[in-house]
Amino acid sequence: MPRRVPTAAVRSRAVHARTVHALGVPAMLLTALLVVVGCSTGADSRCRVDGPGSAAELTALREACERALPVLAQVWPQWTGPAHIVPATEPLEPGTAARVEGIARPGAPAEGDRLVVAPDLTAAVDSAGLDVVLRHELTHLAMRATGTASIPLWAAEGLAEHVGYASVPDERRHRTEEVTRLRDRVAAGTWPGSVPSEDRLTDPGDRNDAYTAAWLGIEVLIAEHGLAAVTAAMQDPASGGESGLLTTLGETPDTLTARWHEELVSRAAPVD
């Protein structure tokens with residue numbers, strides 16, 4: 001069930017900012033003060049990072065958020081709202097780098113969304129890895145904030161993975177190792193079908209391969225129809241349900257599965 005985001009910390013930061021502004025503190029000093037008390041923000045920035053963590057950690061998250069926004073503007077231009085990011089006070093679920101918290105209703109904008117990141121995230125990944133995480137999660141924020149049809153979970157995660165990896169500046173963007181592992185599972189009969197079920201996406205043992213499979217499914221649709229058509233279909237009320245998105249795009253589960261397997265073989269490392 002969706003959980004409402006606690007707002008006590010947000011209110012306390014807002015009160016502090018208004019008090020400092022009323023005392024006539026210059027904007028540059030206000031930014032410095034907010035970092036000291038646990039908030040990182042930039043002038044006119046849509047990215048707000050507050051909560052536990054050092055000034056360096058909060059600043060790294062804000063800067064990654066700001067690098068992600070131009071990418072999101074190309075993919076989901078309808079989203080122009082704020083991005084609220086909060087480091088968690090305790091470790092997240094195993095294998096989880098970040099999660100979106102808030103209230104989402106199909107076809108309606110989400111309420112109170114914020115992005116909660118693992119407390120050690122900035123230390124666990126390099127700059128490129130942090131960018132992947134932020135682009136992925138901000139894609140979810142964008143989709144939720146503007147209201148999307150009840151599209152399958154694989155499509156939402158696949159698009160987030162596409163946005164996350166599309167701008168990686170080196171060979172990691174091709175995900176050859178992950179695709180090869182998935183191909184081997186298909187060959188061994190331990191990965192039936194193509195795009196993942198919701199159970200596979202939420203199963204810790206299958207999650208990594210499931211995200212790769214979802215990403216590949218969206219890559220297939222984008223290659224065939226273009227990114228703009230895919231994102232438009234995701235917002236079409238007719239795209240709800242397990243096959244609604246494919247129907248809107250003029251696809252069927254069988255045609256998607258066939259092209260998914262073709263792409264899987266072509267993108268994987270050569271067989272020894």
# chains A, B, ... in the order shown; residues from 1 in each chain; ligands from 1

$ closest_atom_pairs --of "segment 236-272 of chain A" --to "segment 126-150 of chain A" --cutoff "9 Å" --atoms "only C-alpha atoms" --output "JSON lines"
{"residue": "A:Asp236", "atom": "CA", "partner": "A:Ala149", "partner_atom": "CA", "distance": 6.2}
{"residue": "A:Pro237", "atom": "CA", "partner": "A:Ala149", "partner_atom": "CA", "distance": 5.2}
{"residue": "A:Ala238", "atom": "CA", "partner": "A:Ala149", "partner_atom": "CA", "distance": 7.5}
{"residue": "A:Ser239", "atom": "CA", "partner": "A:Ala149", "partner_atom": "CA", "distance": 6.0}
{"residue": "A:Gly240", "atom": "CA", "partner": "A:Ser150", "partner_atom": "CA", "distance": 4.3}
{"residue": "A:Gly241", "atom": "CA", "partner": "A:Ser150", "partner_atom": "CA", "distance": 5.9}
{"residue": "A:Glu242", "atom": "CA", "partner": "A:Ser150", "partner_atom": "CA", "distance": 8.5}
{"residue": "A:Gly244", "atom": "CA", "partner": "A:Ser150", "partner_atom": "CA", "distance": 8.8}
{"residue": "A:Leu245", "atom": "CA", "partner": "A:Ala149", "partner_atom": "CA", "distance": 8.8}

$ residues_around --residues "segment 183-193 of chain A" --least-positions-apart "3" --cutoff "7 Å" --atoms "only C-alpha atoms" --output "list in words"
Val179, Thr180, Thr257, Leu264, Val265 and Ala268 of chain A

$ select_by_dssp --residues "segment 47-139 of chain A" --states "helix (DSSP H, G or I)" --output "VMD selection string"
chain A and resid 55 to 75 121 to 124 127 to 139

$ write_last_selection --atoms "N, CA and C atoms" --output "compact mmCIF listing (two decimals), in the first residue's frame"
# COMPACT_ATOMS: atom_id res chain seq x y z
N ALA A 55 27.57 17.40 4.59
CA ALA A 55 27.35 18.41 3.56
C ALA A 55 27.81 17.91 2.20
N ALA A 56 28.92 17.16 2.18
CA ALA A 56 29.43 16.63 0.91
C ALA A 56 28.46 15.63 0.30
N GLU A 57 27.87 14.77 1.13
CA GLU A 57 26.90 13.78 0.63
C GLU A 57 25.66 14.46 0.07
N LEU A 58 25.13 15.42 0.81
CA LEU A 58 23.93 16.10 0.35
C LEU A 58 24.19 16.89 -0.92
N THR A 59 25.35 17.51 -1.00
CA THR A 59 25.70 18.26 -2.20
C THR A 59 25.86 17.34 -3.40
N ALA A 60 26.48 16.17 -3.20
CA ALA A 60 26.65 15.21 -4.30
C ALA A 60 25.29 14.76 -4.84
N LEU A 61 24.34 14.52 -3.94
CA LEU A 61 23.01 14.11 -4.37
C LEU A 61 22.31 15.23 -5.13
N ARG A 62 22.43 16.45 -4.62
CA ARG A 62 21.78 17.57 -5.31
C ARG A 62 22.39 17.77 -6.70
N GLU A 63 23.70 17.70 -6.79
CA GLU A 63 24.34 17.91 -8.09
C GLU A 63 23.96 16.81 -9.08
N ALA A 64 23.86 15.57 -8.60
CA ALA A 64 23.41 14.48 -9.48
C ALA A 64 21.97 14.71 -9.93
N CYS A 65 21.15 15.20 -9.03
CA CYS A 65 19.77 15.52 -9.37
C CYS A 65 19.72 16.60 -10.45
N GLU A 66 20.53 17.62 -10.30
CA GLU A 66 20.53 18.71 -11.28
C GLU A 66 21.07 18.25 -12.63
N ARG A 67 22.02 17.31 -12.62
CA ARG A 67 22.49 16.76 -13.89
C ARG A 67 21.41 15.93 -14.57
N ALA A 68 20.54 15.33 -13.76
CA ALA A 68 19.50 14.46 -14.32
C ALA A 68 18.35 15.24 -14.93
N LEU A 69 18.06 16.42 -14.42
CA LEU A 69 16.86 17.14 -14.85
C LEU A 69 16.83 17.44 -16.36
N PRO A 70 17.93 17.86 -16.98
CA PRO A 70 17.86 18.08 -18.44
C PRO A 70 17.55 16.81 -19.22
N VAL A 71 18.02 15.67 -18.72
CA VAL A 71 17.70 14.39 -19.38
C VAL A 71 16.21 14.11 -19.26
N LEU A 72 15.67 14.32 -18.06
CA LEU A 72 14.23 14.09 -17.85
C LEU A 72 13.39 15.05 -18.68
N ALA A 73 13.89 16.26 -18.89
CA ALA A 73 13.14 17.24 -19.68
C ALA A 73 12.95 16.76 -21.11
N GLN A 74 13.90 15.99 -21.61
CA GLN A 74 13.78 15.44 -22.96
C GLN A 74 12.84 14.25 -23.02
N VAL A 75 12.77 13.50 -21.93
CA VAL A 75 11.98 12.27 -21.92
C VAL A 75 10.55 12.52 -21.47
N LEU A 121 24.81 5.60 -0.18
CA LEU A 121 24.77 5.55 -1.64
C LEU A 121 25.94 6.29 -2.28
N THR A 122 26.23 7.51 -1.83
CA THR A 122 27.28 8.29 -2.48
C THR A 122 28.66 7.66 -2.30
N ALA A 123 28.83 6.86 -1.24
CA ALA A 123 30.10 6.18 -1.03
C ALA A 123 30.17 4.86 -1.78
N ALA A 124 29.02 4.29 -2.10
CA ALA A 124 28.98 2.95 -2.71
C ALA A 124 29.14 2.97 -4.22
N SER A 127 30.51 8.54 -9.64
CA SER A 127 29.63 9.60 -10.13
C SER A 127 28.68 9.10 -11.21
N ALA A 128 29.21 8.27 -12.12
CA ALA A 128 28.35 7.73 -13.19
C ALA A 128 27.26 6.84 -12.61
N GLY A 129 27.62 6.03 -11.61
CA GLY A 129 26.62 5.17 -10.97
C GLY A 129 25.56 5.96 -10.25
N LEU A 130 25.98 7.04 -9.58
CA LEU A 130 25.01 7.90 -8.89
C LEU A 130 24.06 8.54 -9.90
N ASP A 131 24.60 8.93 -11.04
CA ASP A 131 23.74 9.52 -12.08
C ASP A 131 22.71 8.51 -12.58
N VAL A 132 23.11 7.25 -12.73
CA VAL A 132 22.17 6.22 -13.18
C VAL A 132 21.02 6.09 -12.17
N VAL A 133 21.36 6.03 -10.89
CA VAL A 133 20.34 5.88 -9.86
C VAL A 133 19.39 7.07 -9.86
N LEU A 134 19.94 8.28 -9.90
CA LEU A 134 19.09 9.47 -9.84
C LEU A 134 18.23 9.61 -11.09
N ARG A 135 18.79 9.34 -12.27
CA ARG A 135 17.97 9.43 -13.48
C ARG A 135 16.84 8.40 -13.45
N HIS A 136 17.16 7.19 -12.99
CA HIS A 136 16.14 6.14 -12.89
C HIS A 136 15.01 6.57 -11.96
N GLU A 137 15.37 6.98 -10.76
CA GLU A 137 14.33 7.28 -9.77
C GLU A 137 13.57 8.56 -10.10
N LEU A 138 14.24 9.54 -10.68
CA LEU A 138 13.53 10.76 -11.06
C LEU A 138 12.57 10.50 -12.21
N THR A 139 12.85 9.48 -13.03
CA THR A 139 11.87 9.08 -14.05
C THR A 139 10.58 8.62 -13.39

$ atom_distance --atom1 "atom CA of Ala98 of chain A" --atom2 "atom CA of Ala223 of chain A"
28.3 Å

$ atom_distance --atom1 "atom CA of His84 of chain A" --atom2 "atom CA of Val100 of chain A"
9.9 Å

$ residues_around --residues "Ala214 of chain A" --least-positions-apart "5" --cutoff "9 Å" --atoms "only C-alpha atoms" --output "PDB file with N, CA and C atoms, in the first residue's frame"
ATOM      1  N   LEU A 153       4.179  -2.976 -14.548  1.00  0.00           N
ATOM      2  CA  LEU A 153       5.364  -2.551 -13.809  1.00  0.00           C
ATOM      3  C   LEU A 153       6.621  -2.677 -14.659  1.00  0.00           C
ATOM      4  N   TRP A 154       6.683  -3.705 -15.516  1.00  0.00           N
ATOM      5  CA  TRP A 154       7.890  -3.876 -16.325  1.00  0.00           C
ATOM      6  C   TRP A 154       8.118  -2.674 -17.231  1.00  0.00           C
ATOM      7  N   ALA A 155       7.040  -2.070 -17.735  1.00  0.00           N
ATOM      8  CA  ALA A 155       7.191  -0.928 -18.636  1.00  0.00           C
ATOM      9  C   ALA A 155       7.694   0.301 -17.881  1.00  0.00           C
ATOM     10  N   ALA A 156       7.151   0.526 -16.679  1.00  0.00           N
ATOM     11  CA  ALA A 156       7.610   1.663 -15.876  1.00  0.00           C
ATOM     12  C   ALA A 156       9.074   1.496 -15.494  1.00  0.00           C
ATOM     13  N   GLU A 157       9.446   0.292 -15.053  1.00  0.00           N
ATOM     14  CA  GLU A 157      10.840   0.063 -14.682  1.00  0.00           C
ATOM     15  C   GLU A 157      11.746   0.063 -15.910  1.00  0.00           C
ATOM     16  N   GLY A 158      11.236  -0.452 -17.008  1.00  0.00           N
ATOM     17  CA  GLY A 158      12.040  -0.462 -18.229  1.00  0.00           C
ATOM     18  C   GLY A 158      12.368   0.934 -18.713  1.00  0.00           C
ATOM     19  N   LEU A 159      11.386   1.840 -18.670  1.00  0.00           N
ATOM     20  CA  LEU A 159      11.657   3.214 -19.085  1.00  0.00           C
ATOM     21  C   LEU A 159      12.640   3.875 -18.124  1.00  0.00           C
ATOM     22  N   GLU A 161      14.939   2.433 -16.411  1.00  0.00           N
ATOM     23  CA  GLU A 161      16.257   1.886 -16.712  1.00  0.00           C
ATOM     24  C   GLU A 161      16.819   2.496 -17.994  1.00  0.00           C
ATOM     25  N   SER A 194       9.691 -13.302 -21.890  1.00  0.00           N
ATOM     26  CA  SER A 194      10.581 -12.181 -22.206  1.00  0.00           C
ATOM     27  C   SER A 194      10.533 -11.147 -21.082  1.00  0.00           C
ATOM     28  N   VAL A 195       9.633 -10.151 -21.195  1.00  0.00           N
ATOM     29  CA  VAL A 195       9.575  -9.116 -20.162  1.00  0.00           C
ATOM     30  C   VAL A 195       9.095  -9.726 -18.847  1.00  0.00           C
ATOM     31  N   PRO A 196       9.549  -9.177 -17.726  1.00  0.00           N
ATOM     32  CA  PRO A 196       9.311  -9.838 -16.440  1.00  0.00           C
ATOM     33  C   PRO A 196       7.924  -9.579 -15.867  1.00  0.00           C
ATOM     34  N   LEU A 201      10.095  -8.877 -10.691  1.00  0.00           N
ATOM     35  CA  LEU A 201      10.665  -7.558 -10.417  1.00  0.00           C
ATOM     36  C   LEU A 201      10.787  -7.279  -8.924  1.00  0.00           C
ATOM     37  N   ASP A 209      18.124  -9.503 -12.949  1.00  0.00           N
ATOM     38  CA  ASP A 209      17.805  -9.966 -14.295  1.00  0.00           C
ATOM     39  C   ASP A 209      16.460  -9.416 -14.765  1.00  0.00           C
ATOM     40  N   GLU A 219      13.632  -1.006 -24.713  1.00  0.00           N
ATOM     41  CA  GLU A 219      14.555  -0.715 -25.812  1.00  0.00           C
ATOM     42  C   GLU A 219      13.976  -1.190 -27.143  1.00  0.00           C
TER      43      GLU A 219
END

$ select_by_dssp --residues "segment 43-140 of chain A" --states "strand (DSSP E or B)" --output "list in words"
Cys47, Arg48, Val49, Asp50, Ala83, His84, Ile85, Val86, Pro87, Ala98, Arg99, Val100, Glu101, Gly102, Ile103, Ala104, Arg105, Ala108, Pro109, Ala110, Glu111, Gly112, Asp113, Arg114, Leu115, Val116 and Val117 of chain A

$ residues_around --residues "Gly250 of chain A" --least-positions-apart "6" --cutoff "12 Å" --atoms "only C-alpha atoms" --output "PyMOL selection string"
chain A and resi 221+224-225+229-230+233+239+243-244+256

$ residues_around --residues "Val86 of chain A" --least-positions-apart "3" --cutoff "7 Å" --atoms "only C-alpha atoms" --output "mmCIF file with C-alpha atoms, in the first residue's frame"
data_model
loop_
_atom_site.group_PDB
_atom_site.id
_atom_site.type_symbol
_atom_site.label_atom_id
_atom_site.label_comp_id
_atom_site.auth_asym_id
_atom_site.auth_seq_id
_atom_site.Cartn_x
_atom_site.Cartn_y
_atom_site.Cartn_z
ATOM 1 C CA VAL A 49 18.096 17.403 -0.535
ATOM 2 C CA ASP A 50 17.699 17.338 3.219
ATOM 3 C CA GLY A 51 17.958 15.007 6.164
ATOM 4 C CA LEU A 115 13.019 10.028 -3.119
ATOM 5 C CA VAL A 116 14.609 8.159 -0.216
ATOM 6 C CA VAL A 117 18.171 7.024 -0.950
#

$ closest_residue --among "A:Arg181, A:Ser197, A:Ala232, A:Leu227" --to "Ala166 of chain A" --atoms "only C-alpha atoms"
A:Leu227

$ closest_residue --among "A:Cys47, A:Ser54, A:Gly107, A:Ala118" --to "Pro82 of chain A" --atoms "only C-alpha atoms"
A:Cys47
